[in-house]
$ cat upload00.csv   # CSV, C-alpha atoms
chain,number,residue,atom,x,y,z
Q,523,MET,CA,13.8,-25.2,-92.5
Q,524,ILE,CA,14.7,-22.1,-90.4
Q,525,ASP,CA,12.3,-21.1,-87.6
Q,526,ARG,CA,11.4,-17.5,-87.4
Q,527,VAL,CA,12.2,-15.7,-84.2
Q,528,SER,CA,9.3,-13.6,-83.1
Q,529,THR,CA,9.7,-10.0,-81.9
Q,530,SER,CA,8.4,-10.9,-78.4
Q,531,LEU,CA,11.0,-13.6,-78.0
Q,532,LEU,CA,13.8,-11.2,-79.0
Q,533,TYR,CA,12.4,-8.7,-76.5
Q,534,SER,CA,12.3,-11.3,-73.8
Q,535,LEU,CA,15.9,-12.6,-74.5
Q,536,SER,CA,17.3,-9.2,-74.7
Q,537,THR,CA,15.7,-8.0,-71.5
Q,538,ARG,CA,16.9,-11.1,-69.6
Q,539,THR,CA,20.4,-10.5,-70.8
Q,540,ILE,CA,20.3,-6.9,-69.7
Q,541,GLN,CA,18.9,-7.8,-66.3
Q,542,LYS,CA,21.5,-10.5,-65.8
Q,543,ASN,CA,24.4,-8.1,-66.7
Q,544,GLN,CA,22.8,-5.4,-64.4
Q,545,ALA,CA,22.6,-7.9,-61.5
Q,546,GLY,CA,26.2,-8.9,-62.1
Q,547,VAL,CA,27.4,-5.3,-62.1
Q,548,TYR,CA,25.4,-4.5,-58.9
Q,549,ASN,CA,26.6,-7.6,-57.0
Q,550,LEU,CA,30.2,-7.1,-57.9
Q,551,SER,CA,30.0,-3.4,-57.2
Q,552,ASN,CA,28.6,-4.2,-53.7
Q,553,LYS,CA,31.3,-6.7,-53.0
Q,554,ILE,CA,34.0,-4.1,-54.1
Q,555,ASN,CA,32.4,-1.5,-51.8
Q,556,LEU,CA,32.5,-4.0,-48.9
Q,557,GLY,CA,35.8,-5.6,-49.8
Q,558,LYS,CA,34.3,-9.1,-49.4
Q,559,LYS,CA,34.0,-12.1,-51.6
Q,560,PHE,CA,30.5,-12.8,-50.4
Q,561,THR,CA,27.7,-10.6,-49.0
Q,562,ASN,CA,25.3,-13.4,-48.2
Q,563,PRO,CA,25.5,-17.2,-47.7
Q,564,ALA,CA,24.2,-17.9,-51.2
Q,565,ASP,CA,27.3,-16.4,-52.7
Q,566,ASP,CA,29.6,-19.1,-51.4
Q,567,PRO,CA,28.2,-21.5,-48.7
Q,568,VAL,CA,31.6,-23.3,-48.3
Q,569,GLY,CA,33.5,-20.0,-48.1
Q,570,ILE,CA,31.0,-18.7,-45.4
Q,571,ILE,CA,31.6,-21.9,-43.3
Q,572,GLY,CA,35.3,-21.6,-43.5
Q,573,ALA,CA,35.3,-17.9,-42.7
Q,574,THR,CA,32.9,-18.4,-39.7
Q,575,HIS,CA,35.3,-21.1,-38.3
Q,576,VAL,CA,38.3,-18.8,-38.5
Q,577,SER,CA,36.3,-15.9,-37.0
Q,578,GLY,CA,35.4,-18.1,-34.1
Q,579,ARG,CA,39.0,-19.0,-33.5
Q,580,ILE,CA,40.0,-15.4,-33.6
Q,581,LEU,CA,37.3,-14.5,-31.0
Q,582,ASP,CA,38.4,-17.4,-28.8
Q,583,ASN,CA,42.1,-16.4,-29.1
Q,584,ASP,CA,41.3,-12.8,-28.3
Q,585,GLN,CA,39.4,-13.9,-25.2
Q,586,SER,CA,42.3,-16.0,-24.0
Q,587,VAL,CA,44.6,-13.0,-24.4
Q,588,ARG,CA,42.2,-10.8,-22.3
Q,589,ASP,CA,42.0,-13.6,-19.7
Q,590,ARG,CA,45.8,-13.8,-19.5
Q,591,GLN,CA,46.1,-10.1,-19.2
Q,592,THR,CA,43.9,-10.4,-16.1
Q,593,ALA,CA,46.2,-13.1,-14.8
Q,594,ILE,CA,49.3,-11.0,-15.4
Q,595,SER,CA,47.6,-8.1,-13.5
Q,596,ASP,CA,47.0,-10.5,-10.5
Q,597,LEU,CA,50.5,-11.9,-10.7
Q,598,ASN,CA,52.1,-8.5,-10.8
Q,599,ALA,CA,50.1,-7.5,-7.7
Q,600,GLN,CA,51.3,-10.7,-6.0
Q,601,GLU,CA,54.8,-9.9,-6.9
Q,602,VAL,CA,54.6,-6.4,-5.4
Q,603,ALA,CA,53.0,-7.8,-2.2
Q,604,LEU,CA,55.7,-10.5,-1.9
Q,605,ASN,CA,58.5,-8.0,-2.4
Q,606,ASN,CA,57.0,-6.0,0.4
Q,607,ALA,CA,56.6,-9.1,2.6
Q,608,VAL,CA,60.3,-10.0,2.0
Q,609,ASP,CA,61.3,-6.5,3.0
Q,610,LEU,CA,59.2,-6.7,6.2
Q,611,THR,CA,60.6,-10.1,7.0
Q,612,ASP,CA,64.1,-8.7,6.5
Q,613,LYS,CA,63.1,-6.1,9.1
Q,614,ILE,CA,62.0,-8.8,11.5
Q,615,TYR,CA,65.3,-10.5,11.0
Q,616,GLU,CA,67.1,-7.3,11.9
Q,617,ILE,CA,64.9,-7.1,15.0
Q,618,ALA,CA,65.9,-10.6,16.1
Q,619,VAL,CA,69.6,-9.9,15.5
Q,620,ALA,CA,69.5,-6.7,17.5
Q,621,ALA,CA,67.2,-8.1,20.3
Q,622,GLY,CA,69.4,-11.2,20.7
Q,623,ASN,CA,72.1,-9.0,22.2
Q,624,ASP,CA,72.7,-10.1,25.9
Q,625,THR,CA,73.4,-6.5,26.9
Q,626,LEU,CA,69.8,-5.3,26.3
Q,627,SER,CA,67.4,-4.7,29.1
Q,628,ALA,CA,63.9,-6.2,29.4
Q,629,SER,CA,62.3,-2.9,28.6
Q,630,GLU,CA,64.4,-2.5,25.4
Q,631,ARG,CA,63.3,-5.9,24.3
Q,632,THR,CA,59.7,-4.9,25.0
Q,633,LEU,CA,60.1,-2.0,22.5
Q,634,TYR,CA,61.4,-4.5,19.9
Q,635,ARG,CA,58.4,-6.6,20.6
Q,636,ASP,CA,56.1,-3.7,19.9
Q,637,GLU,CA,57.9,-3.1,16.6
Q,638,LEU,CA,57.7,-6.8,15.7
Q,639,ARG,CA,54.0,-6.7,16.4
Q,640,SER,CA,53.5,-3.8,14.0
Q,641,VAL,CA,55.6,-5.4,11.2
Q,642,GLY,CA,53.9,-8.8,11.6
Q,643,GLU,CA,50.5,-7.3,11.3
Q,644,SER,CA,51.6,-5.5,8.2
Q,645,ILE,CA,52.6,-8.9,6.7
Q,646,VAL,CA,49.1,-10.2,7.5
Q,647,GLN,CA,47.6,-7.2,5.6
Q,648,LEU,CA,49.8,-8.0,2.6
Q,649,VAL,CA,48.7,-11.6,2.6
Q,650,ASN,CA,45.1,-10.3,2.4
Q,651,SER,CA,45.8,-8.0,-0.6
Q,652,LYS,CA,43.1,-7.8,-3.2
Q,653,VAL,CA,42.7,-7.0,-6.9
Q,654,GLY,CA,39.1,-5.9,-7.4
Q,655,GLU,CA,37.1,-8.4,-5.4
Q,656,ARG,CA,39.7,-11.2,-5.6
Q,657,PHE,CA,42.0,-12.0,-2.7
Q,658,ILE,CA,45.2,-12.6,-4.6
Q,659,PHE,CA,46.7,-15.2,-2.3
Q,660,SER,CA,43.6,-17.3,-1.9
Q,661,GLY,CA,44.0,-19.5,-5.0
Q,662,LYS,CA,40.7,-20.9,-6.4
Q,663,GLN,CA,38.8,-19.6,-3.4
Q,664,SER,CA,39.7,-16.0,-4.3
Q,665,ASN,CA,36.4,-14.8,-2.7
Q,666,LEU,CA,37.7,-15.8,0.7
Q,667,GLN,CA,40.1,-13.8,2.8
Q,668,ALA,CA,43.4,-15.6,2.9
Q,669,LEU,CA,44.3,-15.0,6.5
Q,670,ARG,CA,42.2,-14.2,9.6
Q,671,LEU,CA,44.0,-12.9,12.7
Q,672,GLN,CA,42.0,-11.7,15.8
Q,673,ASP,CA,43.2,-8.5,17.3
Q,674,GLY,CA,45.9,-9.2,19.8
Q,675,ALA,CA,46.1,-12.9,19.1
Q,676,SER,CA,49.4,-14.6,18.6
Q,677,PHE,CA,50.4,-14.8,15.0
Q,678,ASP,CA,50.3,-18.6,14.8
Q,679,GLN,CA,46.6,-18.5,15.8
Q,680,ALA,CA,45.8,-16.9,12.5
Q,681,VAL,CA,43.4,-19.0,10.4
Q,682,TYR,CA,44.4,-19.6,6.8
Q,683,LYS,CA,41.4,-20.0,4.5
Q,684,HIS,CA,39.1,-21.1,7.3
Q,685,ASN,CA,41.6,-23.9,8.1
Q,686,GLN,CA,40.8,-25.7,4.8
Q,687,ASN,CA,43.7,-27.2,3.1
Q,688,ASN,CA,42.5,-26.0,-0.3
Q,689,GLY,CA,44.7,-23.1,-1.3
Q,690,GLU,CA,45.3,-24.5,-4.8
Q,691,GLU,CA,46.5,-22.1,-7.4
Q,692,ARG,CA,43.9,-20.4,-9.6
Q,693,THR,CA,44.3,-21.0,-13.3
Q,694,ILE,CA,43.0,-19.6,-16.6
Q,695,LYS,CA,43.0,-22.0,-19.5
Q,696,GLY,CA,46.0,-23.9,-18.2
Q,697,VAL,CA,47.9,-20.8,-17.0
Q,698,ALA,CA,48.5,-20.5,-13.3
Q,699,THR,CA,47.4,-17.0,-12.0
Q,700,SER,CA,48.3,-17.3,-8.3
Q,701,VAL,CA,50.5,-18.9,-5.7
Q,702,ALA,CA,49.3,-20.1,-2.3
Q,703,LEU,CA,51.2,-19.0,0.7
Q,704,GLU,CA,50.0,-21.7,3.1
Q,705,LYS,CA,53.4,-23.5,3.3
Q,706,ALA,CA,55.3,-20.2,3.7
Q,707,LEU,CA,53.0,-19.1,6.5
Q,708,LEU,CA,52.0,-22.2,8.3
Q,709,GLY,CA,54.4,-24.9,7.1
Q,710,THR,CA,53.3,-28.3,5.9
Q,711,ALA,CA,53.8,-31.0,8.6
Q,712,ASP,CA,55.4,-31.4,12.0
Q,713,GLY,CA,52.5,-31.7,14.4
Q,714,ALA,CA,49.8,-29.3,15.6
Q,715,ILE,CA,50.7,-26.6,18.0
Q,716,LEU,CA,48.5,-24.3,20.1
Q,717,THR,CA,50.0,-21.5,22.2
Q,718,ASN,CA,48.5,-18.8,24.3
Q,719,ARG,CA,49.3,-15.1,24.1
Q,720,ILE,CA,49.4,-14.2,27.8
Q,721,ILE,CA,52.5,-14.7,29.9
Q,722,ASN,CA,51.9,-16.5,33.2
Q,723,PRO,CA,48.1,-16.5,32.8
Q,724,VAL,CA,45.8,-17.0,35.9
Q,725,THR,CA,42.2,-18.2,35.5
Q,726,SER,CA,39.6,-15.7,36.6
Q,727,VAL,CA,36.6,-18.0,36.5
Q,728,ALA,CA,35.8,-21.6,37.5
Q,729,SER,CA,34.7,-23.3,34.3
Q,730,ASN,CA,35.5,-25.9,31.7
Q,731,LEU,CA,37.7,-26.2,28.6
Q,732,ASP,CA,36.6,-28.7,26.0
Q,733,PHE,CA,39.4,-30.1,23.7
Q,734,GLU,CA,39.7,-32.4,20.8
Q,735,VAL,CA,43.1,-33.7,19.7
Q,736,ASP,CA,43.8,-35.5,16.5
Q,737,ASP,CA,47.4,-36.8,16.7
Q,738,GLY,CA,47.5,-37.1,12.9
Q,739,ASN,CA,47.9,-40.9,13.0
Q,740,GLY,CA,44.3,-41.9,13.2
Q,741,ASN,CA,43.8,-41.4,17.0
Q,742,LEU,CA,41.2,-38.9,18.3
Q,743,PHE,CA,41.1,-37.7,21.9
Q,744,ASN,CA,38.2,-35.7,23.4
Q,745,PHE,CA,38.5,-34.4,27.0
Q,746,THR,CA,37.2,-31.7,29.3
Q,747,VAL,CA,39.5,-29.7,31.6
Q,748,ASN,CA,38.1,-28.3,34.8
Q,749,THR,CA,39.6,-25.1,36.2
Q,750,GLY,CA,39.1,-23.0,39.3
Q,751,VAL,CA,39.5,-19.4,40.1
Q,752,GLY,CA,43.1,-18.4,40.5
Q,753,ASP,CA,44.6,-21.4,38.8
Q,754,ASN,CA,48.1,-20.5,37.5
Q,755,LEU,CA,49.9,-21.7,34.4
Q,756,ALA,CA,51.4,-24.8,36.0
Q,757,THR,CA,48.0,-25.8,37.4
Q,758,VAL,CA,46.3,-25.4,34.0
Q,759,ILE,CA,49.0,-27.5,32.2
Q,760,ALA,CA,48.7,-30.2,34.8
Q,761,ALA,CA,44.9,-30.2,34.4
Q,762,ILE,CA,45.1,-30.5,30.7
Q,763,ASN,CA,47.5,-33.4,30.8
Q,764,THR,CA,45.5,-35.2,33.4
Q,765,ALA,CA,42.3,-34.9,31.4
Q,766,TYR,CA,44.1,-35.9,28.2
Q,767,THR,CA,45.6,-39.1,29.7
Q,768,GLY,CA,42.2,-39.8,31.3
Q,769,ALA,CA,40.7,-39.8,27.7
Q,770,GLY,CA,43.3,-42.5,26.8
Q,771,GLY,CA,46.0,-40.2,25.5
Q,772,PRO,CA,49.6,-41.4,25.9
Q,773,GLY,CA,52.3,-39.2,27.4
Q,774,ALA,CA,51.4,-35.5,27.6
Q,775,ILE,CA,49.9,-32.9,25.3
Q,776,ALA,CA,50.6,-29.6,27.2
Q,777,GLN,CA,53.8,-27.9,28.4
Q,778,GLU,CA,55.3,-24.5,29.3
Q,779,ALA,CA,57.2,-23.3,26.2
Q,780,PRO,CA,58.7,-20.8,26.1
Q,781,ALA,CA,58.9,-19.9,29.8
Q,782,GLY,CA,55.7,-18.4,31.0
Q,783,TYR,CA,53.5,-19.6,28.1
Q,784,LEU,CA,51.1,-22.5,27.6
Q,785,GLN,CA,51.8,-24.7,24.6
Q,786,MET,CA,49.9,-27.7,23.4
Q,787,ASN,CA,51.9,-29.8,20.9
Q,788,THR,CA,51.0,-33.2,19.3
Q,789,ASN,CA,54.7,-33.8,18.9
Q,790,LEU,CA,54.7,-34.5,22.7
Q,791,ILE,CA,52.7,-37.7,22.1
Q,792,PRO,CA,55.1,-40.7,22.2
Q,793,GLY,CA,55.5,-42.5,19.0
Q,794,ASN,CA,53.9,-39.8,16.9
Q,795,THR,CA,55.3,-39.2,13.4
Q,796,PRO,CA,55.1,-35.8,11.7
Q,797,ASN,CA,51.7,-35.4,10.0
Q,798,ASN,CA,50.0,-32.3,8.6
Q,799,THR,CA,46.5,-33.7,9.5
Q,800,ALA,CA,47.3,-33.4,13.2
Q,801,ARG,CA,44.9,-31.0,14.9
Q,802,ILE,CA,44.2,-29.4,18.3
Q,803,SER,CA,40.7,-28.0,18.6
Q,804,VAL,CA,39.4,-25.8,21.4
Q,805,LEU,CA,35.7,-26.6,21.0
Q,806,SER,CA,33.0,-23.9,20.9
Q,807,SER,CA,31.5,-25.3,24.1
Q,808,SER,CA,34.4,-24.0,26.0
Q,809,ASP,CA,33.8,-21.0,28.3
Q,810,ILE,CA,34.8,-17.9,26.3
Q,811,ALA,CA,35.6,-16.0,29.5
Q,812,LEU,CA,38.0,-18.7,30.5
Q,813,THR,CA,39.7,-19.0,27.0
Q,814,ASN,CA,40.1,-15.2,27.0
Q,815,ALA,CA,41.5,-15.3,30.5
Q,816,ILE,CA,44.3,-17.7,29.6
Q,817,GLY,CA,44.8,-16.3,26.1
Q,818,ILE,CA,43.7,-19.0,23.7
Q,819,ASN,CA,41.2,-18.9,20.9
Q,820,ARG,CA,38.3,-21.3,20.3
Q,821,GLN,CA,39.5,-22.6,17.0
Q,822,ASP,CA,41.4,-25.4,15.3
Q,823,ASN,CA,45.2,-25.4,15.0
Q,824,TYR,CA,46.4,-27.7,12.3
Q,825,GLY,CA,49.7,-29.4,11.8
Q,826,ARG,CA,52.5,-27.2,10.6
Q,827,GLU,CA,56.2,-27.0,9.8
Q,828,ILE,CA,58.4,-23.9,10.5
Q,829,GLY,CA,56.0,-21.3,9.1
Q,830,LEU,CA,56.5,-17.6,9.3
Q,831,LEU,CA,53.5,-17.1,11.6
Q,832,ARG,CA,54.8,-19.6,14.1
Q,833,THR,CA,58.3,-18.1,14.0
Q,834,LEU,CA,56.7,-14.6,14.7
Q,835,THR,CA,54.8,-16.1,17.6
Q,836,ASN,CA,57.9,-17.7,19.1
Q,837,LEU,CA,59.9,-14.5,18.6
Q,838,GLU,CA,57.2,-12.3,20.2
Q,839,ASN,CA,57.0,-14.7,23.2
Q,840,ALA,CA,60.8,-14.7,23.6
Q,841,LEU,CA,60.9,-10.9,23.5
Q,842,LEU,CA,58.2,-10.7,26.2
Q,843,ALA,CA,60.1,-13.3,28.2
Q,844,ASP,CA,63.4,-11.3,27.9
Q,845,ASP,CA,64.9,-14.6,26.6
Q,846,SER,CA,67.9,-13.7,24.4
Q,847,VAL,CA,69.0,-17.3,23.9
Q,848,THR,CA,65.7,-18.2,22.3
Q,849,ILE,CA,65.7,-15.0,20.3
Q,850,ARG,CA,69.1,-15.9,18.8
Q,851,GLY,CA,67.9,-19.4,18.1
Q,852,LEU,CA,65.0,-18.1,16.0
Q,853,ILE,CA,67.3,-16.3,13.6
Q,854,TYR,CA,67.8,-19.6,11.7
Q,855,GLU,CA,64.0,-20.0,11.4
Q,856,LEU,CA,63.7,-16.4,10.0
Q,857,GLN,CA,66.3,-17.3,7.4
Q,858,PHE,CA,64.2,-20.3,6.4
Q,859,ASN,CA,61.0,-18.2,6.3
Q,860,LEU,CA,62.8,-15.7,4.0
Q,861,GLY,CA,63.8,-18.5,1.8
Q,862,GLU,CA,60.2,-19.7,1.5
Q,863,LEU,CA,58.9,-16.2,0.7
Q,864,ASN,CA,61.6,-15.8,-1.9
Q,865,LYS,CA,60.7,-19.1,-3.5
Q,866,ALA,CA,57.1,-17.9,-3.8
Q,867,ARG,CA,58.3,-14.6,-5.3
Q,868,SER,CA,60.5,-16.4,-7.8
Q,869,LYS,CA,57.6,-18.6,-8.8
Q,870,VAL,CA,55.3,-15.6,-9.4
Q,871,GLY,CA,58.0,-14.1,-11.6
Q,872,LEU,CA,58.2,-17.3,-13.6
Q,873,LEU,CA,54.4,-17.4,-14.0
Q,874,VAL,CA,54.4,-13.8,-15.3
Q,875,SER,CA,57.1,-14.7,-17.9
Q,876,GLN,CA,55.2,-17.8,-18.9
Q,877,THR,CA,51.9,-16.0,-19.2
Q,878,GLU,CA,53.5,-13.2,-21.3
Q,879,ARG,CA,55.0,-15.9,-23.6
Q,880,PHE,CA,51.6,-17.4,-24.1
Q,881,ASN,CA,50.2,-14.0,-25.0
Q,882,ASN,CA,53.0,-13.3,-27.4
Q,883,ALA,CA,52.3,-16.7,-29.1
Q,884,SER,CA,48.5,-15.9,-29.1
Q,885,GLU,CA,49.2,-12.5,-30.8
Q,886,ASN,CA,51.3,-14.3,-33.5
Q,887,LEU,CA,48.5,-16.8,-34.0
Q,888,ASN,CA,46.0,-13.9,-34.2
Q,889,LEU,CA,48.0,-12.4,-37.1
Q,890,LYS,CA,48.0,-15.8,-38.9
Q,891,LEU,CA,44.3,-16.2,-38.4
Q,892,GLN,CA,43.5,-12.7,-39.6
Q,893,SER,CA,45.6,-13.5,-42.7
Q,894,ASP,CA,43.6,-16.8,-43.2
Q,895,LEU,CA,40.3,-15.0,-42.8
Q,896,SER,CA,41.4,-12.3,-45.2
Q,897,GLN,CA,42.3,-15.0,-47.8
Q,898,GLN,CA,38.9,-16.6,-47.3
Q,899,GLN,CA,36.6,-13.6,-47.4
Q,900,ASP,CA,38.5,-10.5,-48.6
Q,901,LEU,CA,38.1,-9.6,-52.3
Q,902,ASP,CA,40.9,-9.4,-54.7
Q,903,MET,CA,40.3,-5.8,-55.7
Q,904,VAL,CA,42.4,-5.8,-58.9
Q,905,ASP,CA,40.7,-9.0,-60.2
Q,906,ALA,CA,37.3,-7.7,-59.1
Q,907,THR,CA,37.8,-4.4,-60.9
Q,908,VAL,CA,38.8,-6.1,-64.1
Q,909,LYS,CA,35.7,-8.3,-63.9
Q,910,LEU,CA,33.5,-5.3,-63.1
Q,911,ASN,CA,34.8,-3.5,-66.2
Q,912,SER,CA,34.0,-6.6,-68.3
Q,913,LEU,CA,30.5,-6.8,-66.9
Q,914,GLN,CA,29.9,-3.1,-67.5
Q,915,ILE,CA,31.1,-3.5,-71.1
Q,916,ALA,CA,28.8,-6.5,-71.5
Q,917,LEU,CA,25.9,-4.5,-70.1
Q,918,GLN,CA,26.6,-1.6,-72.4
Q,919,THR,CA,26.8,-4.0,-75.3
Q,920,SER,CA,23.6,-5.8,-74.4
Q,921,VAL,CA,21.8,-2.5,-74.1
Q,922,GLN,CA,23.1,-1.3,-77.4
Q,923,THR,CA,22.3,-4.5,-79.2
Q,924,THR,CA,18.8,-4.6,-77.8
Q,925,SER,CA,18.3,-1.0,-78.9
Q,926,ASN,CA,19.5,-1.8,-82.4
Q,927,LEU,CA,17.2,-4.8,-82.6
Q,928,PHE,CA,14.1,-2.9,-81.5
Q,929,SER,CA,15.0,0.0,-83.8
Q,930,LEU,CA,14.9,-2.5,-86.8
Q,931,SER,CA,11.7,-4.0,-85.6
Q,932,LEU,CA,10.1,-0.6,-85.2
Q,933,ALA,CA,11.1,0.4,-88.8
Q,934,GLN,CA,9.0,-2.4,-90.2
Q,935,PHE,CA,5.9,-0.5,-89.0
Q,936,LEU,CA,6.9,2.8,-90.6

$ encode --input "upload00.csv" --output "structure tokens"
Amino acid sequence: MIDRVSTSLLYSLSTRTIQKNQAGVYNLSNKINLGKKFTNPADDPVGIIGATHVSGRILDNDQSVRDRQTAISDLNAQEVALNNAVDLTDKIYEIAVAAGNDTLSASERTLYRDELRSVGESIVQLVNSKVGERFIFSGKQSNLQALRLQDGASFDQAVYKHNQNNGEERTIKGVATSVALEKALLGTADGAILTNRIINPVTSVASNLDFEVDDGNGNLFNFTVNTGVGDNLATVIAAINTAYTGAGGPGAIAQEAPAGYLQMNTNLIPGNTPNNTARISVLSSSDIALTNAIGINRQDNYGREIGLLRTLTNLENALLADDSVTIRGLIYELQFNLGELNKARSKVGLLVSQTERFNNASENLNLKLQSDLSQQQDLDMVDATVKLNSLQIALQTSVQTTSNLFSLSLAQFL
């Protein structure tokens, strides 16, 4: 027995077919216009998840490239600053060679000292170079000034990063973006040295100096030095050593070196071994009028090797003392200083090359990820056009068939 198909059922089936074909044509036309396989999560949940993952990797990779571009900018600025610092140190080397000539007069060496002072202060300015708000030689603490030097103070009294031994390199996602100049400027270990900046000082006030000396080997000495009006360099040195030994310190801590200048040096302590934790502190309780009178600053002086700032101080003192022998002896130290600066410059160059290689690799990765994303979400236009034509034909056919059916149905009523 054959069931009869009612007119209403035929109408319902035909309308549903037309609507389905219309929806197919609309959705596929929309995808072709956008060039995407899916326009909402319901189209392809798995495909959406995969495309989202790849898009995230592209964004992360792009951010890494931008970060490394910032690193390259900082490193290029460091390279320029170091090139200039090397040139200035070369100039100081020339000053030392010229000023070491025994035929020069004291006044001529004083002129060289003035030139040295200007060049040295220019080096300090270079060390404090900035890119934006970042001090480029301050490592992780890029918000802190790398080097602080009081006006007129001897170069080795400059304070590096607040005397904190934390000038570690700044990094971006594993890429170093800075070099620290602590070793080139201050050295690493040899004992702590404090020197004054006034030749043959004479105290102008009767007051006290409070010291703390860490010999770098676990021994700490605190002592107070009493001075009177008119005390000369020899008297001050004797008072320092007396107070030091009175606090239990072995040997001596102060001497005249070079001629006419006060120097406190932990290497004078018998039995000491080089240690970069050695420290000489002029405590804040010391009379500032007295410290100014004899030319020392109330600050810590940490252990150091042959650093550039110490060499500049020794050279400046030798020029003021008209000491050609000491000047010639410092030429070797300047060669060492130049070597340290050149090492830092070479390291910066290597970091720039390394960072650029990372960025080139990231750009290649970006191309691959873009290709993967395209495969996952971009529509095959040729295949989609063929399917659209098929859907349009199906829609036209369903409309025509429905029209014919309803024409026959209508004829039954005529």

$ closest_residue --input "upload00.csv" --among "Q:Asp624, Q:Asp809, Q:Asp596, Q:Asp582" --to "Ala698 in chain Q" --atoms "all atoms listed in the file"
Q:Asp596

$ closest_residue --input "upload00.csv" --among "Q:Ala706, Q:Leu841, Q:Ala714, Q:Val724" --to "Lys865 in chain Q" --atoms "only C-alpha atoms"
Q:Ala706

$ closest_residue --input "upload00.csv" --among "Q:Asn864, Q:Thr699, Q:Thr833, Q:Gln876" --to "Gly642 in chain Q" --atoms "all atoms listed in the file"
Q:Thr833

$ residues_around --input "upload00.csv" --residues "range 753-759 of chain Q" --least-positions-apart "6" --cutoff "6 Å" --atoms "all atoms listed in the file" --output "ChimeraX atom specification"
/Q:722-725,776

$ closest_residue --input "upload00.csv" --among "Q:Gly768, Q:Gly871, Q:Gly750, Q:Gly829" --to "Ala815 in chain Q" --atoms "all atoms listed in the file"
Q:Gly750

$ residues_around --input "upload00.csv" --residues "Asn718 in chain Q" --least-positions-apart "2" --cutoff "6 Å" --atoms "all atoms listed in the file" --output "PyMOL selection string"
chain Q and resi 720+784+817-818

$ residues_around --input "upload00.csv" --residues "Phe733 in chain Q" --least-positions-apart "2" --cutoff "7 Å" --atoms "only C-alpha atoms" --output "ChimeraX atom specification"
/Q:731,735,744-746,803-805

$ write_last_selection --input "upload00.csv" --atoms "C-alpha atoms" --output "short mmCIF file (atom, residue, chain, number, x, y, z; two decimals), keeping the file's coordinate frame"
data_model
loop_
_atom_site.label_atom_id
_atom_site.label_comp_id
_atom_site.auth_asym_id
_atom_site.auth_seq_id
_atom_site.Cartn_x
_atom_site.Cartn_y
_atom_site.Cartn_z
CA LEU Q 731 37.70 -26.20 28.60
CA VAL Q 735 43.10 -33.70 19.70
CA ASN Q 744 38.20 -35.70 23.40
CA PHE Q 745 38.50 -34.40 27.00
CA THR Q 746 37.20 -31.70 29.30
CA SER Q 803 40.70 -28.00 18.60
CA VAL Q 804 39.40 -25.80 21.40
CA LEU Q 805 35.70 -26.60 21.00
#
